[in-house]
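Working notes, structure below.
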Protein chains: 2
Amino acid sequence: MPSPREADPDLQKAIDENAAAVSKTMEHLLPQTDDAEKRLFNAMRYGTLGGGKRLRPFLVMQSAKLFNVDVSRAKRAAAALEFIHCYSLIHDDLPAMDNADTRRGQPSVHRKYDEATAILAGDALQALAFEILSDNQTHEDPRIRCHLISSLAKAAGGHGMCGGQMLDLIAETEDFDVGSISRLQRLKAGMLMAFACEAGGILGRADEAHRKALRGYAHDLGLAFQVTDDILDVEADPSETGKPANQDEAAGKATFVSTLGKDQARMRAEMLVAQACRHLNVFGARADMLKKFAHYVLERRA
Amino acid sequence: MPSPREADPDLQKAIDENAAAVSKTMEHLLPQTDDAEKRLFNAMRYGTLGGGKRLRPFLVMQSAKLFNVDVSRAKRAAAALEFIHCYSLIHDDLPAMDNADTRRGQPSVHRKYDEATAILAGDALQALAFEILSDNQTHEDPRIRCHLISSLAKAAGGHGMCGGQMLDLIAETEDFDVGSISRLQRLKAGMLMAFACEAGGILGRADEAHRKALRGYAHDLGLAFQVTDDILDVEADPSETGKPANQDEAAGKATFVSTLGKDQARMRAEMLVAQACRHLNVFGARADMLKKFAHYVLERRA
């Protein structure tokens with residue numbers, strides 16, 4: 001097993017700068033009020049602005065760069081996607097779901113506020129994501145905006161993330177084989193990851209060959225991401241991941257590690273990353289950062 | 001207090017026919033699968049197809065008719081709105097919110113399935129609503145589709161329905177005056193009602209004067225609807241409403257009835273309905289059904 005290395009310094013710098021820039025856009029896009037319902041808006045801010053590496057937004061921004069998309073537009077699409085991701089974390093942490101008291105080392109939204117506020121904050125964040133995409137500041141062509149909305153809605157809905165979450169709950173009590181776990185993860189996390197990579201292509205009116213290359217990259221990257229997540233769950237330091245170790249095992253969840261073993265799981269992740277990078281060859285050196293990112297997924301410690 | 005009458009037979013027929021037609025469209029638009037996540041899709045169907053008068057869709061269809069909008073398009077917009085309404089009921093019934101075991105005399109979604117499934121079903125229904133609106137079958141002009149999405153997202157989000165739900169929770173422990181309750185209800189229910197009335201105008205490219213008239217009608221109708229809801233909560237027969245009587249009082253919620261008294265509340269509703277109808281004069285006889293509907297809101301028993 002290769003020992004975890006530090007991320008490439010260029011990549012780390014790019015990730016950090018991107019996280020700061022997208023977080024600023026998110027802050028700007030979140031609603032504010034002095035009215036009595038401000039508790040809801042505070043919970044929305046708490047659940048979205050408390051750090052995080054903004055990896056999905058990073059993919060949006062990098063894929064947008066391939067097609068010279070205007071940065072301020074790409075940041076709006078990136079923020080919309082991140083709001084969907086954050087709402088899913090807020091709902092996922094609820095007692096009826098993963099029952100997580102903490103997220104990134106801080107109280108989860110329903111622990112900081114209460115369950116009802118957490119449910120509503122998630123609901124309002126989902127609406128906000130689609131409101132942002134429908135605005136002409138995201139793209140002047142309403143056809144492109146509708147394309148983004150359609151793709152994100154599909155990635156987030158029953159045939160995407162929500163369907164994957166359902167499978168995740170079912171996996172706690174049923175035996176899933178590797179094929180079923182792959183499908184679960186493709187729905188639960190892979191579809192949003194695919195949207196992240198395709199969003200730049202949609203904004204930049206990429207041709208089908210380029211869009212297909214990005215989808216291929218996203219597919220393999222998404223699975224690699226999940227395999228390494230499962231590995232991190234069993235071996236990572238809780239002080240780095242901000243969540244307790246062996247959560248999945250404790251919940252009786254089938255994971256790549258419990259099904260394949262840790263060494264096989266790592267080999268699978270390495271193979272997926274190599275495959276992901278091959279899809280990007282069509283873009284030449286311009287896709288180097290996305291390739292570095294794929295390797296980073298493999299080597300990250302949190 | 002006027003004794004409750006039967007609804008106008010023409011209106012009743014129009015409401016029933018509309019409910020059947022829109023429910024059929026909803027059924028057609030709901031996702032299906034034979035895969036393991038079908039529990040989610042079943043819960044989505046259960047939470048949306050179990051009856052209901054489809055009053056918001058009725059408003060969409062009637063407002064669309066004023067501008068000769070194609071019926072199949074209007075039904076898609078009506079279904080999208082109803083999916084938002086249904087998701088809000090599913091989440092509202094959760095133990096952390098209203099903790100309602102039944103809805104229309106049947107087990108609520110989290111009682112029929114479980115809490116996690118109910119949360120996910122609501123989330124997936126919200127995504128579905130925006131997916132439907134982004135599709136060119138809803139309107140061939142993507143500008144119109146984006147307008148519908150933007151308006152519905154605003155009506156459903158933090159500055160709309162979710163904000164109103166937050167106020168509703170706060171109202172359980174804080175003293176709200178009539179102004180605050182009006183605002184609560186305008187956000188919680190009025191904004192979706194306003195979207196229902198405006199959607200036809202958006203689909204039909206109505207001019208600003210006509211859109212303003214519809215918004216005025218929606219505003220007064222929405223408040224009248226809530227006042228009568230509060231009255232029904234204290235005086236209706238549980239066998240007709242399908243929910244226990246005095247739920248609001250038991251939850252310690254400030255309502256129009258608890259604040260104004262029942263007779264004053266009824267007078268306020270009557271005044272609002274008269275005002276709502278006056279906005280429609282600009283449409284002449286074509287708006288008769290919408291006027292009848294406003295009177296029906298006053299006289300309904302469930």
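Residues are referred to by chain and number: the chain letter is A, B, ... according to the order shown in the structure tokens, the number counts from 1 in that chain, and ligands are numbered separately from 1 in the order shown.
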Taking only C-alpha atoms into account, what are the residues of chain B at most 7 Å from chain A, put as an mmCIF file with N, CA and C atoms, in the first residue's frame?
data_model
loop_
_atom_site.group_PDB
_atom_site.id
_atom_site.type_symbol
_atom_site.label_atom_id
_atom_site.label_comp_id
_atom_site.auth_asym_id
_atom_site.auth_seq_id
_atom_site.Cartn_x
_atom_site.Cartn_y
_atom_site.Cartn_z
ATOM 1 N N ALA B 36 -33.570 -1.709 -6.523
ATOM 2 C CA ALA B 36 -33.695 -1.817 -5.068
ATOM 3 C C ALA B 36 -34.231 -0.546 -4.416
ATOM 4 N N GLU B 37 -34.024 0.623 -5.062
ATOM 5 C CA GLU B 37 -34.463 1.882 -4.457
ATOM 6 C C GLU B 37 -35.950 2.138 -4.684
ATOM 7 N N LEU B 40 -38.235 4.185 -2.339
ATOM 8 C CA LEU B 40 -38.282 5.652 -2.444
ATOM 9 C C LEU B 40 -39.372 6.086 -3.413
ATOM 10 N N ALA B 96 -40.452 15.656 13.840
ATOM 11 C CA ALA B 96 -39.757 16.885 14.265
ATOM 12 C C ALA B 96 -40.544 18.138 13.904
ATOM 13 N N MET B 97 -41.514 18.015 13.001
ATOM 14 C CA MET B 97 -42.317 19.181 12.600
ATOM 15 C C MET B 97 -43.704 19.055 13.264
ATOM 16 N N GLU B 115 -39.218 7.440 8.680
ATOM 17 C CA GLU B 115 -38.827 8.848 8.624
ATOM 18 C C GLU B 115 -37.789 9.133 7.542
ATOM 19 N N ALA B 116 -36.771 8.275 7.459
ATOM 20 C CA ALA B 116 -35.707 8.521 6.481
ATOM 21 C C ALA B 116 -36.278 8.515 5.069
ATOM 22 N N THR B 117 -37.132 7.543 4.793
ATOM 23 C CA THR B 117 -37.739 7.458 3.456
ATOM 24 C C THR B 117 -38.605 8.684 3.175
ATOM 25 N N LEU B 120 -36.355 11.648 2.300
ATOM 26 C CA LEU B 120 -35.806 11.497 0.945
ATOM 27 C C LEU B 120 -36.888 11.655 -0.126
ATOM 28 N N ALA B 124 -36.652 14.299 -3.113
ATOM 29 C CA ALA B 124 -36.676 13.890 -4.524
ATOM 30 C C ALA B 124 -37.843 14.543 -5.259
ATOM 31 N N ALA B 127 -36.792 18.043 -6.329
ATOM 32 C CA ALA B 127 -35.939 17.994 -7.525
ATOM 33 C C ALA B 127 -36.783 17.704 -8.770
ATOM 34 N N LEU B 128 -37.747 16.797 -8.629
ATOM 35 C CA LEU B 128 -38.611 16.429 -9.760
ATOM 36 C C LEU B 128 -39.376 17.636 -10.289
ATOM 37 N N PHE B 130 -38.556 20.765 -10.375
ATOM 38 C CA PHE B 130 -37.721 21.641 -11.207
ATOM 39 C C PHE B 130 -37.282 20.935 -12.491
ATOM 40 N N GLU B 131 -37.100 19.625 -12.402
ATOM 41 C CA GLU B 131 -36.766 18.870 -13.618
ATOM 42 C C GLU B 131 -37.901 19.004 -14.641
ATOM 43 N N SER B 134 -37.986 22.407 -16.313
ATOM 44 C CA SER B 134 -36.850 22.697 -17.203
ATOM 45 C C SER B 134 -36.986 22.007 -18.558
ATOM 46 N N PRO B 142 -37.256 28.603 -23.708
ATOM 47 C CA PRO B 142 -36.515 28.374 -22.460
ATOM 48 C C PRO B 142 -36.563 29.568 -21.506
ATOM 49 N N ARG B 143 -36.847 30.767 -22.069
ATOM 50 C CA ARG B 143 -36.988 31.960 -21.218
ATOM 51 C C ARG B 143 -38.188 31.784 -20.275
ATOM 52 N N CYS B 146 -37.357 29.188 -17.588
ATOM 53 C CA CYS B 146 -36.535 29.770 -16.518
ATOM 54 C C CYS B 146 -37.369 30.689 -15.623
ATOM 55 N N ILE B 149 -39.295 28.493 -13.286
ATOM 56 C CA ILE B 149 -38.391 27.900 -12.284
ATOM 57 C C ILE B 149 -38.009 28.939 -11.234
ATOM 58 N N SER B 150 -37.648 30.125 -11.707
ATOM 59 C CA SER B 150 -37.258 31.189 -10.786
ATOM 60 C C SER B 150 -38.411 31.530 -9.833
ATOM 61 N N ALA B 153 -39.092 28.558 -7.416
ATOM 62 C CA ALA B 153 -38.011 28.410 -6.432
ATOM 63 C C ALA B 153 -38.121 29.491 -5.355
ATOM 64 N N LYS B 154 -38.423 30.711 -5.771
ATOM 65 C CA LYS B 154 -38.581 31.799 -4.793
ATOM 66 C C LYS B 154 -39.786 31.547 -3.887
ATOM 67 N N ALA B 156 -41.047 28.750 -3.036
ATOM 68 C CA ALA B 156 -40.880 27.559 -2.192
ATOM 69 C C ALA B 156 -39.748 27.704 -1.177
ATOM 70 N N GLY B 157 -38.847 28.672 -1.385
ATOM 71 C CA GLY B 157 -37.610 28.724 -0.609
ATOM 72 C C GLY B 157 -37.678 29.520 0.689
ATOM 73 N N GLY B 158 -36.521 30.026 1.096
ATOM 74 C CA GLY B 158 -36.396 30.718 2.371
ATOM 75 C C GLY B 158 -37.235 31.978 2.476
ATOM 76 N N CYS B 162 -40.627 27.831 2.865
ATOM 77 C CA CYS B 162 -39.760 27.353 3.954
ATOM 78 C C CYS B 162 -39.636 28.408 5.059
ATOM 79 N N GLY B 163 -39.541 29.673 4.669
ATOM 80 C CA GLY B 163 -39.508 30.750 5.666
ATOM 81 C C GLY B 163 -40.789 30.774 6.478
ATOM 82 N N MET B 166 -40.821 28.029 8.984
ATOM 83 C CA MET B 166 -39.976 28.398 10.121
ATOM 84 C C MET B 166 -40.766 29.289 11.081
ATOM 85 N N LEU B 167 -41.472 30.286 10.537
ATOM 86 C CA LEU B 167 -42.291 31.174 11.368
ATOM 87 C C LEU B 167 -43.365 30.377 12.097
#
Q) What's the 10 Å shell around segment 56-61 of chain B, counting only C-alpha atoms, without same-chain residues fewer than 4 positions away, as a ChimeraX atom specification? A) /B:14-19,21-23,65-66,69-82,85,192-201,203,218,289-290,293
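Distances to Phe225 of chain B were evaluated for B:Ala43, B:Ala294, B:Leu29, B:Ala287 using only C-alpha atoms, and the minimum falls at B:Ala294.
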Post-fit chain A coords, all in-order Cα pairs vs chain B, as a compact mmCIF listing (two decimals) with C-alpha atoms, in the first residue's frame:
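File result.txt, as written:
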# COMPACT_ATOMS: atom_id res chain seq x y z
CA MET A 1 -72.31 33.29 10.45
CA PRO A 2 -73.53 32.00 7.09
CA SER A 3 -74.19 28.29 7.12
CA PRO A 4 -71.89 26.26 4.84
CA ARG A 5 -73.47 25.65 1.45
CA GLU A 6 -72.67 23.06 -1.15
CA ALA A 7 -70.19 24.27 -3.77
CA ASP A 8 -71.60 25.57 -7.06
CA PRO A 9 -72.22 22.41 -9.18
CA ASP A 10 -70.31 23.78 -12.20
CA LEU A 11 -67.35 24.58 -9.99
CA GLN A 12 -67.48 21.24 -8.23
CA LYS A 13 -67.50 19.47 -11.59
CA ALA A 14 -64.59 21.58 -12.82
CA ILE A 15 -62.58 20.90 -9.64
CA ASP A 16 -63.23 17.16 -9.80
CA GLU A 17 -62.37 16.89 -13.49
CA ASN A 18 -59.24 18.95 -12.96
CA ALA A 19 -58.12 16.82 -10.02
CA ALA A 20 -58.48 13.67 -12.11
CA ALA A 21 -56.62 15.16 -15.09
CA VAL A 22 -53.73 16.64 -13.09
CA SER A 23 -53.40 13.48 -10.98
CA LYS A 24 -53.03 11.51 -14.21
CA THR A 25 -50.26 13.85 -15.36
CA MET A 26 -48.55 13.53 -11.99
CA GLU A 27 -48.73 9.74 -12.17
CA HIS A 28 -47.17 9.86 -15.60
CA LEU A 29 -44.36 12.18 -14.43
CA LEU A 30 -43.42 10.24 -11.28
CA PRO A 31 -40.37 8.01 -11.72
CA GLN A 32 -40.65 4.24 -11.59
CA THR A 33 -38.09 1.48 -11.18
CA ASP A 34 -37.67 -2.20 -10.50
CA ASP A 35 -34.34 -1.55 -8.80
CA ALA A 36 -33.67 -1.82 -5.08
CA GLU A 37 -34.44 1.87 -4.48
CA LYS A 38 -38.10 1.39 -5.49
CA ARG A 39 -39.10 1.96 -1.88
CA LEU A 40 -38.26 5.65 -2.46
CA PHE A 41 -40.37 5.84 -5.62
CA ASN A 42 -43.25 4.06 -3.92
CA ALA A 43 -43.13 6.59 -1.08
CA MET A 44 -43.10 9.45 -3.62
CA ARG A 45 -46.22 7.99 -5.23
CA TYR A 46 -47.92 7.35 -1.91
CA GLY A 47 -47.29 10.92 -0.80
CA THR A 48 -48.62 12.47 -4.00
CA LEU A 49 -51.31 10.25 -5.51
CA GLY A 50 -53.53 9.58 -2.50
CA GLY A 51 -56.29 11.98 -3.44
CA GLY A 52 -56.47 15.63 -2.59
CA LYS A 53 -58.53 18.28 -4.36
CA ARG A 54 -55.54 19.66 -6.33
CA LEU A 55 -56.65 23.21 -5.60
CA ARG A 56 -53.31 24.81 -6.55
CA PRO A 57 -53.27 22.95 -9.89
CA PHE A 58 -56.86 24.13 -10.40
CA LEU A 59 -55.64 27.72 -10.12
CA VAL A 60 -52.80 27.04 -12.58
CA MET A 61 -55.20 25.54 -15.11
CA GLN A 62 -57.79 28.29 -14.71
CA SER A 63 -55.24 31.09 -14.93
CA ALA A 64 -53.69 29.41 -17.97
CA LYS A 65 -57.14 29.26 -19.60
CA LEU A 66 -57.40 33.06 -19.40
CA PHE A 67 -54.51 33.27 -21.86
CA ASN A 68 -55.39 30.25 -24.03
CA VAL A 69 -52.35 28.29 -22.87
CA ASP A 70 -51.99 24.76 -24.26
CA VAL A 71 -53.58 22.40 -21.71
CA SER A 72 -50.80 19.79 -21.74
CA ARG A 73 -48.22 22.46 -20.89
CA ALA A 74 -50.35 23.93 -18.13
CA LYS A 75 -50.82 20.46 -16.64
CA ARG A 76 -47.03 19.99 -16.41
CA ALA A 77 -46.65 23.30 -14.55
CA ALA A 78 -49.60 22.36 -12.34
CA ALA A 79 -48.04 18.97 -11.56
CA ALA A 80 -44.67 20.55 -10.73
CA LEU A 81 -46.34 22.91 -8.28
CA GLU A 82 -48.35 20.09 -6.72
CA PHE A 83 -45.15 18.04 -6.23
CA ILE A 84 -43.69 20.97 -4.28
CA HIS A 85 -46.89 21.22 -2.23
CA CYS A 86 -46.88 17.46 -1.55
CA TYR A 87 -43.20 17.39 -0.57
CA SER A 88 -43.91 20.16 1.95
CA LEU A 89 -46.79 18.13 3.44
CA ILE A 90 -44.57 15.04 3.72
CA HIS A 91 -41.86 16.99 5.56
CA ASP A 92 -44.43 18.94 7.57
CA ASP A 93 -45.93 15.71 8.91
CA LEU A 94 -42.56 14.45 10.24
CA PRO A 95 -42.20 13.92 14.01
CA ALA A 96 -39.77 16.86 14.25
CA MET A 97 -42.32 19.16 12.59
CA ASP A 98 -46.10 18.70 13.08
CA ASN A 99 -45.77 15.04 14.09
CA ALA A 100 -48.91 14.04 12.19
CA ASP A 101 -49.70 10.33 12.04
CA THR A 102 -52.36 10.77 9.37
CA ARG A 103 -52.97 12.83 6.24
CA ARG A 104 -56.37 12.73 4.50
CA GLY A 105 -57.37 9.91 6.85
CA GLN A 106 -54.44 7.71 5.78
CA PRO A 107 -51.09 7.08 7.50
CA SER A 108 -48.66 9.90 6.73
CA VAL A 109 -45.62 8.93 4.60
CA HIS A 110 -43.25 8.45 7.55
CA ARG A 111 -45.85 6.24 9.28
CA LYS A 112 -46.47 4.17 6.15
CA TYR A 113 -42.73 3.90 5.38
CA ASP A 114 -40.24 5.41 7.82
CA GLU A 115 -38.80 8.83 8.62
CA ALA A 116 -35.69 8.52 6.47
CA THR A 117 -37.73 7.45 3.44
CA ALA A 118 -40.16 10.33 4.01
CA ILE A 119 -37.31 12.86 4.15
CA LEU A 120 -35.79 11.48 0.93
CA ALA A 121 -39.16 11.25 -0.84
CA GLY A 122 -39.77 14.94 -0.11
CA ASP A 123 -36.28 15.86 -1.30
CA ALA A 124 -36.67 13.89 -4.53
CA LEU A 125 -40.09 15.42 -5.21
CA GLN A 126 -38.63 18.91 -4.99
CA ALA A 127 -35.93 17.99 -7.52
CA LEU A 128 -38.59 16.42 -9.75
CA ALA A 129 -40.63 19.64 -9.80
CA PHE A 130 -37.71 21.64 -11.20
CA GLU A 131 -36.76 18.87 -13.62
CA ILE A 132 -40.28 18.98 -15.07
CA LEU A 133 -40.24 22.75 -15.48
CA SER A 134 -36.84 22.70 -17.20
CA ASP A 135 -38.10 20.33 -19.92
CA ASN A 136 -39.14 21.81 -23.26
CA GLN A 137 -42.45 19.94 -23.10
CA THR A 138 -43.45 22.50 -20.45
CA HIS A 139 -42.85 25.38 -22.87
CA GLU A 140 -40.84 25.64 -26.07
CA ASP A 141 -39.34 28.98 -24.99
CA PRO A 142 -36.53 28.39 -22.45
CA ARG A 143 -36.99 31.97 -21.23
CA ILE A 144 -40.50 31.05 -20.05
CA ARG A 145 -39.21 27.84 -18.43
CA CYS A 146 -36.55 29.78 -16.52
CA HIS A 147 -39.19 32.29 -15.45
CA LEU A 148 -41.38 29.49 -14.07
CA ILE A 149 -38.40 27.90 -12.28
CA SER A 150 -37.27 31.19 -10.77
CA SER A 151 -40.77 32.04 -9.55
CA LEU A 152 -41.43 28.60 -8.10
CA ALA A 153 -38.01 28.41 -6.44
CA LYS A 154 -38.60 31.79 -4.79
CA ALA A 155 -42.12 30.83 -3.70
CA ALA A 156 -40.89 27.55 -2.20
CA GLY A 157 -37.63 28.72 -0.59
CA GLY A 158 -36.42 30.73 2.37
CA HIS A 159 -38.26 33.89 1.37
CA GLY A 160 -41.39 31.82 0.71
CA MET A 161 -42.82 28.54 1.95
CA CYS A 162 -39.78 27.35 3.95
CA GLY A 163 -39.53 30.75 5.66
CA GLY A 164 -43.24 30.53 6.50
CA GLN A 165 -42.79 27.04 7.95
CA MET A 166 -39.99 28.39 10.12
CA LEU A 167 -42.31 31.16 11.37
CA ASP A 168 -44.99 28.55 12.02
CA LEU A 169 -42.61 26.69 14.34
CA ILE A 170 -41.59 29.91 16.07
CA ALA A 171 -45.30 30.81 16.51
CA GLU A 172 -45.70 27.78 18.77
CA THR A 173 -43.66 29.48 21.49
CA GLU A 174 -43.89 33.20 20.71
CA ASP A 175 -46.86 35.56 20.74
CA PHE A 176 -47.72 36.61 17.18
CA ASP A 177 -50.09 39.51 16.46
CA VAL A 178 -52.46 39.53 13.45
CA GLY A 179 -49.85 41.23 11.29
CA SER A 180 -47.27 38.57 12.07
CA ILE A 181 -49.74 35.74 11.47
CA SER A 182 -50.72 37.29 8.14
CA ARG A 183 -47.07 37.44 7.13
CA LEU A 184 -46.50 33.86 8.31
CA GLN A 185 -49.41 32.62 6.22
CA ARG A 186 -48.46 34.73 3.20
CA LEU A 187 -45.04 33.06 3.21
CA LYS A 188 -46.14 29.57 4.24
CA ALA A 189 -49.05 29.15 1.84
CA GLY A 190 -49.69 32.43 0.04
CA MET A 191 -46.53 32.39 -2.06
CA LEU A 192 -47.32 28.99 -3.61
CA MET A 193 -50.90 30.13 -4.17
CA ALA A 194 -49.57 33.25 -5.89
CA PHE A 195 -47.34 31.11 -8.09
CA ALA A 196 -50.37 28.99 -8.98
CA CYS A 197 -52.25 32.07 -10.18
CA GLU A 198 -49.26 33.64 -11.92
CA ALA A 199 -48.07 30.46 -13.66
CA GLY A 200 -50.84 30.71 -16.25
CA GLY A 201 -49.82 34.29 -16.91
CA ILE A 202 -46.17 33.34 -17.31
CA LEU A 203 -47.01 30.46 -19.67
CA GLY A 204 -49.35 32.76 -21.63
CA ARG A 205 -46.94 35.72 -21.76
CA ALA A 206 -49.54 37.91 -20.05
CA ASP A 207 -48.87 41.64 -19.87
CA GLU A 208 -47.99 43.29 -16.57
CA ALA A 209 -51.52 44.60 -15.87
CA HIS A 210 -52.99 41.11 -16.15
CA ARG A 211 -50.19 39.58 -14.10
CA LYS A 212 -50.71 42.20 -11.42
CA ALA A 213 -54.45 41.42 -11.32
CA LEU A 214 -53.68 37.71 -10.84
CA ARG A 215 -51.16 38.49 -8.08
CA GLY A 216 -53.74 40.63 -6.30
CA TYR A 217 -56.35 37.88 -6.56
CA ALA A 218 -53.83 35.31 -5.31
CA HIS A 219 -52.78 37.45 -2.37
CA ASP A 220 -56.30 37.96 -1.04
CA LEU A 221 -57.38 34.42 -1.87
CA GLY A 222 -54.35 32.99 -0.07
CA LEU A 223 -55.13 34.84 3.11
CA ALA A 224 -58.84 33.96 2.90
CA PHE A 225 -57.81 30.34 2.47
CA GLN A 226 -55.73 30.41 5.64
CA VAL A 227 -58.37 32.18 7.71
CA THR A 228 -60.94 29.56 6.72
CA ASP A 229 -58.36 26.83 7.42
CA ASP A 230 -58.04 28.14 10.95
CA ILE A 231 -61.83 28.22 11.28
CA LEU A 232 -62.08 24.66 9.95
CA ASP A 233 -59.48 23.56 12.49
CA VAL A 234 -61.79 24.51 15.36
CA GLU A 235 -65.18 23.64 13.91
CA ALA A 236 -64.83 21.01 11.21
CA ASP A 237 -65.81 17.40 11.43
CA PRO A 238 -62.64 15.22 11.56
CA SER A 239 -64.38 12.65 9.35
CA GLU A 240 -64.56 15.30 6.59
CA THR A 241 -61.16 16.97 7.01
CA GLY A 242 -59.31 13.71 7.61
CA LYS A 243 -57.37 15.21 10.50
CA PRO A 244 -58.09 15.70 14.21
CA ALA A 245 -59.88 18.90 15.29
CA ASN A 246 -58.17 21.64 17.30
CA GLN A 247 -54.69 20.57 16.18
CA ASP A 248 -53.46 24.17 16.09
CA GLU A 249 -54.75 25.00 19.56
CA ALA A 250 -53.24 21.78 20.93
CA ALA A 251 -49.89 22.77 19.40
CA GLY A 252 -50.15 26.20 21.02
CA LYS A 253 -50.14 27.87 17.61
CA ALA A 254 -51.34 31.42 17.15
CA THR A 255 -54.05 31.40 14.45
CA PHE A 256 -56.48 33.96 13.03
CA VAL A 257 -59.19 32.37 15.17
CA SER A 258 -57.22 32.44 18.41
CA THR A 259 -56.21 36.04 17.73
CA LEU A 260 -59.37 37.56 16.21
CA GLY A 261 -62.11 35.23 17.48
CA LYS A 262 -64.17 33.04 15.17
CA ASP A 263 -66.76 35.62 14.06
CA GLN A 264 -64.19 38.31 13.31
CA ALA A 265 -62.09 35.74 11.47
CA ARG A 266 -65.04 34.78 9.26
CA MET A 267 -65.78 38.44 8.51
CA ARG A 268 -62.15 38.94 7.55
CA ALA A 269 -62.31 35.95 5.20
CA GLU A 270 -65.48 37.29 3.53
CA MET A 271 -63.91 40.69 3.02
CA LEU A 272 -60.78 39.09 1.51
CA VAL A 273 -62.82 37.01 -0.92
CA ALA A 274 -64.79 40.05 -2.12
CA GLN A 275 -61.51 41.89 -2.60
CA ALA A 276 -59.97 38.94 -4.45
CA CYS A 277 -62.86 38.87 -6.92
CA ARG A 278 -62.62 42.60 -7.65
CA HIS A 279 -59.08 42.08 -8.98
CA LEU A 280 -60.51 39.75 -11.63
CA ASN A 281 -62.94 42.28 -13.12
CA VAL A 282 -60.32 43.13 -15.74
CA PHE A 283 -60.85 39.65 -17.28
CA GLY A 284 -64.66 39.95 -17.55
CA ALA A 285 -66.78 36.80 -17.66
CA ARG A 286 -63.78 34.58 -18.51
CA ALA A 287 -62.74 34.75 -14.85
CA ASP A 288 -66.09 33.60 -13.48
CA MET A 289 -64.72 30.20 -12.46
CA LEU A 290 -61.92 31.82 -10.48
CA LYS A 291 -64.49 34.04 -8.75
CA LYS A 292 -66.62 31.02 -7.91
CA PHE A 293 -63.50 29.36 -6.60
CA ALA A 294 -62.88 32.27 -4.21
CA HIS A 295 -66.38 31.86 -2.78
CA TYR A 296 -65.88 28.12 -2.53
CA VAL A 297 -62.80 28.71 -0.37
CA LEU A 298 -65.05 30.50 2.06
CA GLU A 299 -67.70 27.82 2.13
CA ARG A 300 -65.69 24.62 1.96
CA ARG A 301 -66.00 22.20 4.87
CA ALA A 302 -62.67 20.40 4.46
